[in-house]
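**Q** So that you have it, the file is my_file-v9.pdb, and it contains PDB, C-alpha atoms, pLDDT in the B column:
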ATOM      1  CA  MET A  15      42.354  26.744  -2.272  1.00 76.00           C
ATOM      2  CA  SER A  16      44.199  23.534  -1.553  1.00 88.00           C
ATOM      3  CA  VAL A  17      43.471  20.246  -3.284  1.00 87.00           C
ATOM      4  CA  GLN A  18      42.205  18.864   0.036  1.00 89.00           C
ATOM      5  CA  GLU A  19      39.760  21.758   0.462  1.00 89.00           C
ATOM      6  CA  ARG A  20      38.499  21.348  -3.101  1.00 88.00           C
ATOM      7  CA  LYS A  21      37.980  17.603  -2.606  1.00 88.00           C
ATOM      8  CA  GLU A  22      36.103  18.202   0.636  1.00 91.00           C
ATOM      9  CA  ARG A  23      33.874  20.795  -1.038  1.00 93.00           C
ATOM     10  CA  GLU A  24      33.157  18.340  -3.879  1.00 91.00           C
ATOM     11  CA  ARG A  25      32.382  15.585  -1.358  1.00 92.00           C
ATOM     12  CA  VAL A  26      29.909  17.813   0.488  1.00 93.00           C
ATOM     13  CA  SER A  27      28.342  18.842  -2.819  1.00 94.00           C
ATOM     14  CA  ARG A  28      27.914  15.183  -3.885  1.00 94.00           C
ATOM     15  CA  GLU A  29      26.384  14.337  -0.527  1.00 94.00           C
ATOM     16  CA  ARG A  30      23.885  17.180  -0.846  1.00 96.00           C
ATOM     17  CA  LEU A  31      23.061  16.013  -4.370  1.00 96.00           C
ATOM     18  CA  ILE A  32      22.420  12.462  -3.154  1.00 96.00           C
ATOM     19  CA  VAL A  33      20.112  13.664  -0.374  1.00 97.00           C
ATOM     20  CA  ALA A  34      18.260  16.114  -2.633  1.00 97.00           C
ATOM     21  CA  THR A  35      17.821  13.475  -5.317  1.00 97.00           C
ATOM     22  CA  ALA A  36      16.588  10.872  -2.824  1.00 97.00           C
ATOM     23  CA  ARG A  37      14.145  13.385  -1.423  1.00 97.00           C
ATOM     24  CA  GLU A  38      12.896  14.367  -4.868  1.00 96.00           C
ATOM     25  CA  LEU A  39      12.474  10.751  -5.949  1.00 97.00           C
ATOM     26  CA  ALA A  40      10.683   9.859  -2.702  1.00 98.00           C
ATOM     27  CA  GLU A  41       8.306  12.820  -3.027  1.00 96.00           C
ATOM     28  CA  GLN A  42       7.526  11.865  -6.638  1.00 96.00           C
ATOM     29  CA  GLN A  43       7.303   8.079  -6.387  1.00 96.00           C
ATOM     30  CA  GLY A  44       7.523   7.094  -2.717  1.00 96.00           C
ATOM     31  CA  TRP A  45      10.375   5.695  -0.675  1.00 97.00           C
ATOM     32  CA  ASP A  46      10.126   2.257  -2.306  1.00 96.00           C
ATOM     33  CA  ALA A  47      11.368   3.883  -5.514  1.00 96.00           C
ATOM     34  CA  VAL A  48      14.518   5.138  -3.788  1.00 96.00           C
ATOM     35  CA  THR A  49      17.234   2.576  -4.422  1.00 95.00           C
ATOM     36  CA  THR A  50      20.980   3.023  -4.586  1.00 92.00           C
ATOM     37  CA  ARG A  51      20.887   1.969  -8.240  1.00 93.00           C
ATOM     38  CA  ARG A  52      18.290   4.583  -9.159  1.00 95.00           C
ATOM     39  CA  LEU A  53      20.070   7.264  -7.170  1.00 95.00           C
ATOM     40  CA  ALA A  54      23.377   6.445  -8.828  1.00 93.00           C
ATOM     41  CA  GLU A  55      21.741   6.676 -12.250  1.00 94.00           C
ATOM     42  CA  ARG A  56      20.033   9.977 -11.468  1.00 94.00           C
ATOM     43  CA  ILE A  57      23.083  11.691 -10.019  1.00 93.00           C
ATOM     44  CA  GLU A  58      25.326  10.166 -12.701  1.00 92.00           C
ATOM     45  CA  TYR A  59      27.806   8.644 -10.290  1.00 91.00           C
ATOM     46  CA  SER A  60      28.578   4.995  -9.709  1.00 90.00           C
ATOM     47  CA  GLN A  61      27.051   3.072  -6.825  1.00 92.00           C
ATOM     48  CA  PRO A  62      30.462   2.814  -5.118  1.00 91.00           C
ATOM     49  CA  VAL A  63      30.605   6.632  -5.047  1.00 90.00           C
ATOM     50  CA  LEU A  64      27.179   6.687  -3.444  1.00 90.00           C
ATOM     51  CA  TYR A  65      28.309   4.096  -0.887  1.00 93.00           C
ATOM     52  CA  SER A  66      31.346   6.212  -0.085  1.00 92.00           C
ATOM     53  CA  HIS A  67      28.881   8.753   1.368  1.00 93.00           C
ATOM     54  CA  PHE A  68      26.139   6.530   2.794  1.00 95.00           C
ATOM     55  CA  ARG A  69      26.201   2.864   3.765  1.00 93.00           C
ATOM     56  CA  GLY A  70      22.750   2.401   2.300  1.00 93.00           C
ATOM     57  CA  LYS A  71      19.198   3.609   2.028  1.00 95.00           C
ATOM     58  CA  ARG A  72      18.734   3.723   5.798  1.00 97.00           C
ATOM     59  CA  GLU A  73      21.458   6.371   6.175  1.00 97.00           C
ATOM     60  CA  ILE A  74      20.022   8.332   3.253  1.00 97.00           C
ATOM     61  CA  ILE A  75      16.621   8.318   4.942  1.00 98.00           C
ATOM     62  CA  GLY A  76      18.338   9.551   8.110  1.00 98.00           C
ATOM     63  CA  ALA A  77      20.007  12.390   6.212  1.00 98.00           C
ATOM     64  CA  VAL A  78      16.664  13.420   4.703  1.00 98.00           C
ATOM     65  CA  ALA A  79      15.097  13.266   8.180  1.00 98.00           C
ATOM     66  CA  LEU A  80      17.749  15.552   9.638  1.00 98.00           C
ATOM     67  CA  GLU A  81      17.320  18.032   6.807  1.00 97.00           C
ATOM     68  CA  GLY A  82      13.558  17.877   7.281  1.00 98.00           C
ATOM     69  CA  ALA A  83      13.822  18.447  11.029  1.00 98.00           C
ATOM     70  CA  THR A  84      15.835  21.591  10.393  1.00 98.00           C
ATOM     71  CA  GLU A  85      13.262  22.837   7.884  1.00 98.00           C
ATOM     72  CA  MET A  86      10.322  21.987  10.129  1.00 98.00           C
ATOM     73  CA  ALA A  87      11.877  23.776  13.111  1.00 98.00           C
ATOM     74  CA  ALA A  88      12.395  26.876  10.965  1.00 98.00           C
ATOM     75  CA  ALA A  89       8.797  26.730   9.690  1.00 98.00           C
ATOM     76  CA  LEU A  90       7.395  26.359  13.214  1.00 98.00           C
ATOM     77  CA  ARG A  91       9.478  29.234  14.550  1.00 98.00           C
ATOM     78  CA  ALA A  92       8.538  31.460  11.624  1.00 98.00           C
ATOM     79  CA  ALA A  93       4.841  30.753  12.156  1.00 98.00           C
ATOM     80  CA  THR A  94       4.916  31.315  15.897  1.00 97.00           C
ATOM     81  CA  SER A  95       7.117  34.412  15.792  1.00 97.00           C
ATOM     82  CA  ALA A  96       4.514  36.187  13.685  1.00 92.00           C
ATOM     83  CA  ALA A  97       1.732  35.327  16.148  1.00 94.00           C
ATOM     84  CA  ASP A  98       0.651  37.466  19.087  1.00 93.00           C
ATOM     85  CA  GLY A  99      -0.440  35.790  22.311  1.00 93.00           C
ATOM     86  CA  PRO A 100      -0.306  32.177  23.503  1.00 94.00           C
ATOM     87  CA  ARG A 101      -3.501  30.973  21.768  1.00 93.00           C
ATOM     88  CA  THR A 102      -2.502  32.480  18.444  1.00 95.00           C
ATOM     89  CA  ARG A 103       1.000  31.012  18.751  1.00 96.00           C
ATOM     90  CA  VAL A 104      -0.259  27.507  19.556  1.00 97.00           C
ATOM     91  CA  THR A 105      -2.758  27.666  16.685  1.00 97.00           C
ATOM     92  CA  ALA A 106      -0.044  28.902  14.313  1.00 97.00           C
ATOM     93  CA  LEU A 107       2.256  26.128  15.505  1.00 98.00           C
ATOM     94  CA  ALA A 108      -0.383  23.438  14.886  1.00 97.00           C
ATOM     95  CA  ARG A 109      -1.206  24.783  11.439  1.00 97.00           C
ATOM     96  CA  ALA A 110       2.465  25.068  10.477  1.00 98.00           C
ATOM     97  CA  TYR A 111       3.179  21.511  11.646  1.00 98.00           C
ATOM     98  CA  LEU A 112       0.240  20.043   9.724  1.00 98.00           C
ATOM     99  CA  ASP A 113       1.088  22.142   6.669  1.00 97.00           C
ATOM    100  CA  PHE A 114       4.690  20.913   6.742  1.00 98.00           C
ATOM    101  CA  ALA A 115       3.530  17.281   6.947  1.00 98.00           C
ATOM    102  CA  GLU A 116       1.103  17.798   4.051  1.00 96.00           C
ATOM    103  CA  ARG A 117       3.574  19.617   1.786  1.00 97.00           C
ATOM    104  CA  ASN A 118       6.469  17.221   2.474  1.00 97.00           C
ATOM    105  CA  PRO A 119       5.013  13.723   2.840  1.00 97.00           C
ATOM    106  CA  ALA A 120       8.199  11.804   1.994  1.00 97.00           C
ATOM    107  CA  VAL A 121      10.308  13.980   4.278  1.00 98.00           C
ATOM    108  CA  TYR A 122       7.733  13.607   7.036  1.00 98.00           C
ATOM    109  CA  ASP A 123       7.863   9.834   6.585  1.00 97.00           C
ATOM    110  CA  ALA A 124      11.652   9.919   6.776  1.00 98.00           C
ATOM    111  CA  MET A 125      11.416  11.901  10.002  1.00 97.00           C
ATOM    112  CA  PHE A 126       8.737   9.911  11.803  1.00 96.00           C
ATOM    113  CA  GLN A 127       7.698   6.746   9.976  1.00 95.00           C
ATOM    114  CA  LEU A 128      10.790   5.138   8.464  1.00 97.00           C
ATOM    115  CA  ASP A 129      13.944   3.759  10.027  1.00 96.00           C
ATOM    116  CA  GLY A 130      16.678   6.266   9.343  1.00 96.00           C
ATOM    117  CA  GLY A 131      18.910   4.895  12.069  1.00 96.00           C
ATOM    118  CA  LEU A 132      18.424   7.991  14.221  1.00 96.00           C
ATOM    119  CA  ALA A 133      18.028   7.983  17.979  1.00 93.00           C
ATOM    120  CA  PHE A 134      15.082   9.878  19.401  1.00 91.00           C
ATOM    121  CA  ALA A 135      14.560  11.112  22.947  1.00 89.00           C
ATOM    122  CA  ASN A 136      17.978  10.257  24.353  1.00 91.00           C
ATOM    123  CA  GLU A 137      21.505  11.609  24.636  1.00 90.00           C
ATOM    124  CA  ASP A 138      22.462  10.354  21.162  1.00 93.00           C
ATOM    125  CA  THR A 139      19.652  12.248  19.460  1.00 96.00           C
ATOM    126  CA  PRO A 140      21.140  14.372  16.659  1.00 97.00           C
ATOM    127  CA  GLU A 141      20.914  18.135  17.155  1.00 97.00           C
ATOM    128  CA  PRO A 142      18.444  18.794  14.293  1.00 97.00           C
ATOM    129  CA  LEU A 143      15.940  16.414  15.920  1.00 97.00           C
ATOM    130  CA  LYS A 144      16.475  18.022  19.324  1.00 97.00           C
ATOM    131  CA  ASP A 145      15.955  21.417  17.733  1.00 97.00           C
ATOM    132  CA  GLY A 146      12.746  20.260  16.053  1.00 97.00           C
ATOM    133  CA  PHE A 147      11.387  19.240  19.440  1.00 97.00           C
ATOM    134  CA  ALA A 148      12.665  22.492  20.961  1.00 97.00           C
ATOM    135  CA  ALA A 149      10.707  24.437  18.335  1.00 98.00           C
ATOM    136  CA  LEU A 150       7.550  22.726  19.616  1.00 98.00           C
ATOM    137  CA  LEU A 151       8.499  23.134  23.279  1.00 97.00           C
ATOM    138  CA  GLU A 152       9.190  26.873  22.953  1.00 97.00           C
ATOM    139  CA  THR A 153       5.528  27.536  22.248  1.00 96.00           C
ATOM    140  CA  LEU A 154       3.830  24.633  23.988  1.00 96.00           C
ATOM    141  CA  GLY A 155       5.842  24.936  27.183  1.00 94.00           C
ATOM    142  CA  GLU A 156       4.205  28.264  27.923  1.00 92.00           C
ATOM    143  CA  VAL A 157       0.701  26.715  27.867  1.00 94.00           C
ATOM    144  CA  ALA A 158       1.429  23.387  29.588  1.00 94.00           C
ATOM    145  CA  GLY A 159      -0.438  24.442  32.680  1.00 90.00           C
ATOM    146  CA  GLU A 160       0.420  24.508  36.336  1.00 91.00           C
ATOM    147  CA  GLY A 161       1.951  21.306  37.632  1.00 93.00           C
ATOM    148  CA  VAL A 162       2.377  19.839  34.137  1.00 94.00           C
ATOM    149  CA  HIS A 163       5.890  19.107  32.895  1.00 96.00           C
ATOM    150  CA  PRO A 164       6.357  21.211  29.706  1.00 96.00           C
ATOM    151  CA  GLY A 165       8.254  18.430  27.910  1.00 96.00           C
ATOM    152  CA  LEU A 166       5.568  15.871  28.667  1.00 96.00           C
ATOM    153  CA  PHE A 167       2.830  18.236  27.540  1.00 96.00           C
ATOM    154  CA  THR A 168       4.765  18.907  24.334  1.00 97.00           C
ATOM    155  CA  GLU A 169       5.070  15.161  23.681  1.00 97.00           C
ATOM    156  CA  VAL A 170       1.308  14.673  24.053  1.00 96.00           C
ATOM    157  CA  PHE A 171       0.462  17.664  21.864  1.00 97.00           C
ATOM    158  CA  TRP A 172       3.015  16.512  19.265  1.00 97.00           C
ATOM    159  CA  ALA A 173       1.480  13.018  19.314  1.00 97.00           C
ATOM    160  CA  ALA A 174      -1.931  14.553  18.622  1.00 97.00           C
ATOM    161  CA  LEU A 175      -0.514  16.589  15.724  1.00 97.00           C
ATOM    162  CA  HIS A 176       1.243  13.525  14.351  1.00 98.00           C
ATOM    163  CA  GLY A 177      -1.979  11.552  14.566  1.00 97.00           C
ATOM    164  CA  LEU A 178      -3.878  14.257  12.716  1.00 97.00           C
ATOM    165  CA  ALA A 179      -1.184  14.478  10.052  1.00 97.00           C
ATOM    166  CA  THR A 180      -0.991  10.738   9.404  1.00 97.00           C
ATOM    167  CA  LEU A 181      -4.731  10.047   9.611  1.00 97.00           C
ATOM    168  CA  THR A 182      -5.521  12.950   7.305  1.00 95.00           C
ATOM    169  CA  ARG A 183      -2.934  11.855   4.760  1.00 95.00           C
ATOM    170  CA  ALA A 184      -4.224   8.282   4.867  1.00 94.00           C
ATOM    171  CA  GLY A 185      -7.728   9.561   4.078  1.00 94.00           C
ATOM    172  CA  ARG A 186      -9.054   8.385   7.444  1.00 96.00           C
ATOM    173  CA  LEU A 187     -10.410  11.819   8.409  1.00 95.00           C
ATOM    174  CA  PRO A 188     -12.798  13.967   6.358  1.00 89.00           C
ATOM    175  CA  PRO A 189     -10.730  16.717   4.691  1.00 82.00           C
ATOM    176  CA  GLY A 190     -13.252  19.495   5.285  1.00 89.00           C
ATOM    177  CA  ASP A 191     -12.875  19.476   9.062  1.00 93.00           C
ATOM    178  CA  ALA A 192      -9.137  20.176   9.321  1.00 92.00           C
ATOM    179  CA  GLU A 193      -9.523  23.665  10.751  1.00 94.00           C
ATOM    180  CA  GLN A 194     -12.077  22.523  13.320  1.00 96.00           C
ATOM    181  CA  ARG A 195      -9.665  19.805  14.466  1.00 96.00           C
ATOM    182  CA  VAL A 196      -6.925  22.379  15.033  1.00 95.00           C
ATOM    183  CA  GLU A 197      -9.289  24.618  16.992  1.00 94.00           C
ATOM    184  CA  LEU A 198     -10.499  21.685  19.098  1.00 93.00           C
ATOM    185  CA  LEU A 199      -6.928  20.577  19.795  1.00 94.00           C
ATOM    186  CA  VAL A 200      -5.908  24.077  20.860  1.00 94.00           C
ATOM    187  CA  ASP A 201      -9.068  24.661  22.921  1.00 91.00           C
ATOM    188  CA  ARG A 202      -9.182  21.323  24.711  1.00 88.00           C
ATOM    189  CA  LEU A 203      -5.579  20.177  24.976  1.00 85.00           C
ATOM    190  CA  ALA A 204      -3.763  23.499  25.272  1.00 78.00           C
ATOM    191  CA  MET A 205      -6.767  25.186  26.901  1.00 80.00           C
ATOM    192  CA  VAL A 206      -5.747  28.640  25.751  1.00 69.00           C
TER     193      VAL A 206
END
Once you've parsed the file, please lay out its structure as structure tokens.
**A**
Amino acid sequence: MSVQERKERERVSRERLIVATARELAEQQGWDAVTTRRLAERIEYSQPVLYSHFRGKREIIGAVALEGATEMAAALRAATSAADGPRTRVTALARAYLDFAERNPAVYDAMFQLDGGLAFANEDTPEPLKDGFAALLETLGEVAGEGVHPGLFTEVFWAALHGLATLTRAGRLPPGDAEQRVELLVDRLAMV
């Protein structure tokens, strides 16, 4: 292995460590606790080393969001691939989405609440975000209904899921009715 290859491998490893540490700190204490100083202390590198990878917290949030989008897409596909029939797939998709948001609140915030400097819904959208949407579209597109654009239907269904996820987490919805909300969403919006 050349010196250049070793240095590149070390750089990638440091970058992964920064992202993992930021994610861990955010999940434990919230995104306000994630500062370059704290990250540098936790990973035992200087702040200039951290800045050699990311220009600041915004880019770190973006990196966490991209990682989260990849994980969410995998979770959605795993849930829907095990389901048989459109209704079961849509229900599995909704449950998997809400479960991901509940289990990964800081990552979910990085993906959809915080400014990570990422473009959504345009040509510059990074591939992991496009793939996250594609994971929704693969299942929801088949139940969009006649004359309804599958992408538009997916956006509306996603917005409903996002609303449920954020309102539930904020304590604005009674926790005991989560399953009924999923069933109502699938029955009335997806009509399957």
**Q** Considering only C-alpha atoms, can you say which of A:Leu187, A:Val63, A:Leu178, A:Leu198 comes closest to Asp113 in chain A?
**A**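 The closest residue to Asp113 in chain A is A:Leu178.
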**Q** From the options A:Val196, A:Phe171, A:Asp201, A:Thr102, which residue's atoms come nearest to Leu154 in chain A, counting all atoms listed in the file?
**A**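 Checking each of A:Val196, A:Phe171, A:Asp201, A:Thr102 against Leu154 in chain A, counting all atoms listed in the file, the winner is A:Phe171.
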**Q** What's the 9 Å shell around Ile74 in chain A, counting all atoms listed in the file, without same-chain residues fewer than 4 positions away, as a list in words?
**A** Ile32, Val33, Ala36, Phe68, Arg69, Gly70, Val78, Ala79 and Gly130 of chain A
**Q** I'd like the residues picked by the PyMOL selection byres ((chain A and resi 34) around 12) written out as a ChimeraX atom specification, using the chain letters and numbers from the file.
**A** /A:27-33,35-41,48,53,56-57,74-75,77-79,81-82,120-121
**Q** Can you tell me, as JSON, numbers by chain, what residues are no more than 12 Å from Leu175 in chain A when counting only C-alpha atoms, ignoring any on the same chain fewer than 3 positions away?
**A** {"A": [104, 105, 107, 108, 109, 110, 111, 112, 113, 114, 115, 116, 150, 168, 169, 170, 171, 172, 178, 179, 180, 181, 182, 192, 195, 196, 197, 198, 199, 200, 203]}
**Q** Could you work out how far CA of Asp191 in chain A lies from CA of Leu151 in chain A, giving the answer in Å with one decimal?
**A**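 Spanning CA of Leu151 in chain A to CA of Asp191 in chain A is a straight-line distance of 25.9 Å.
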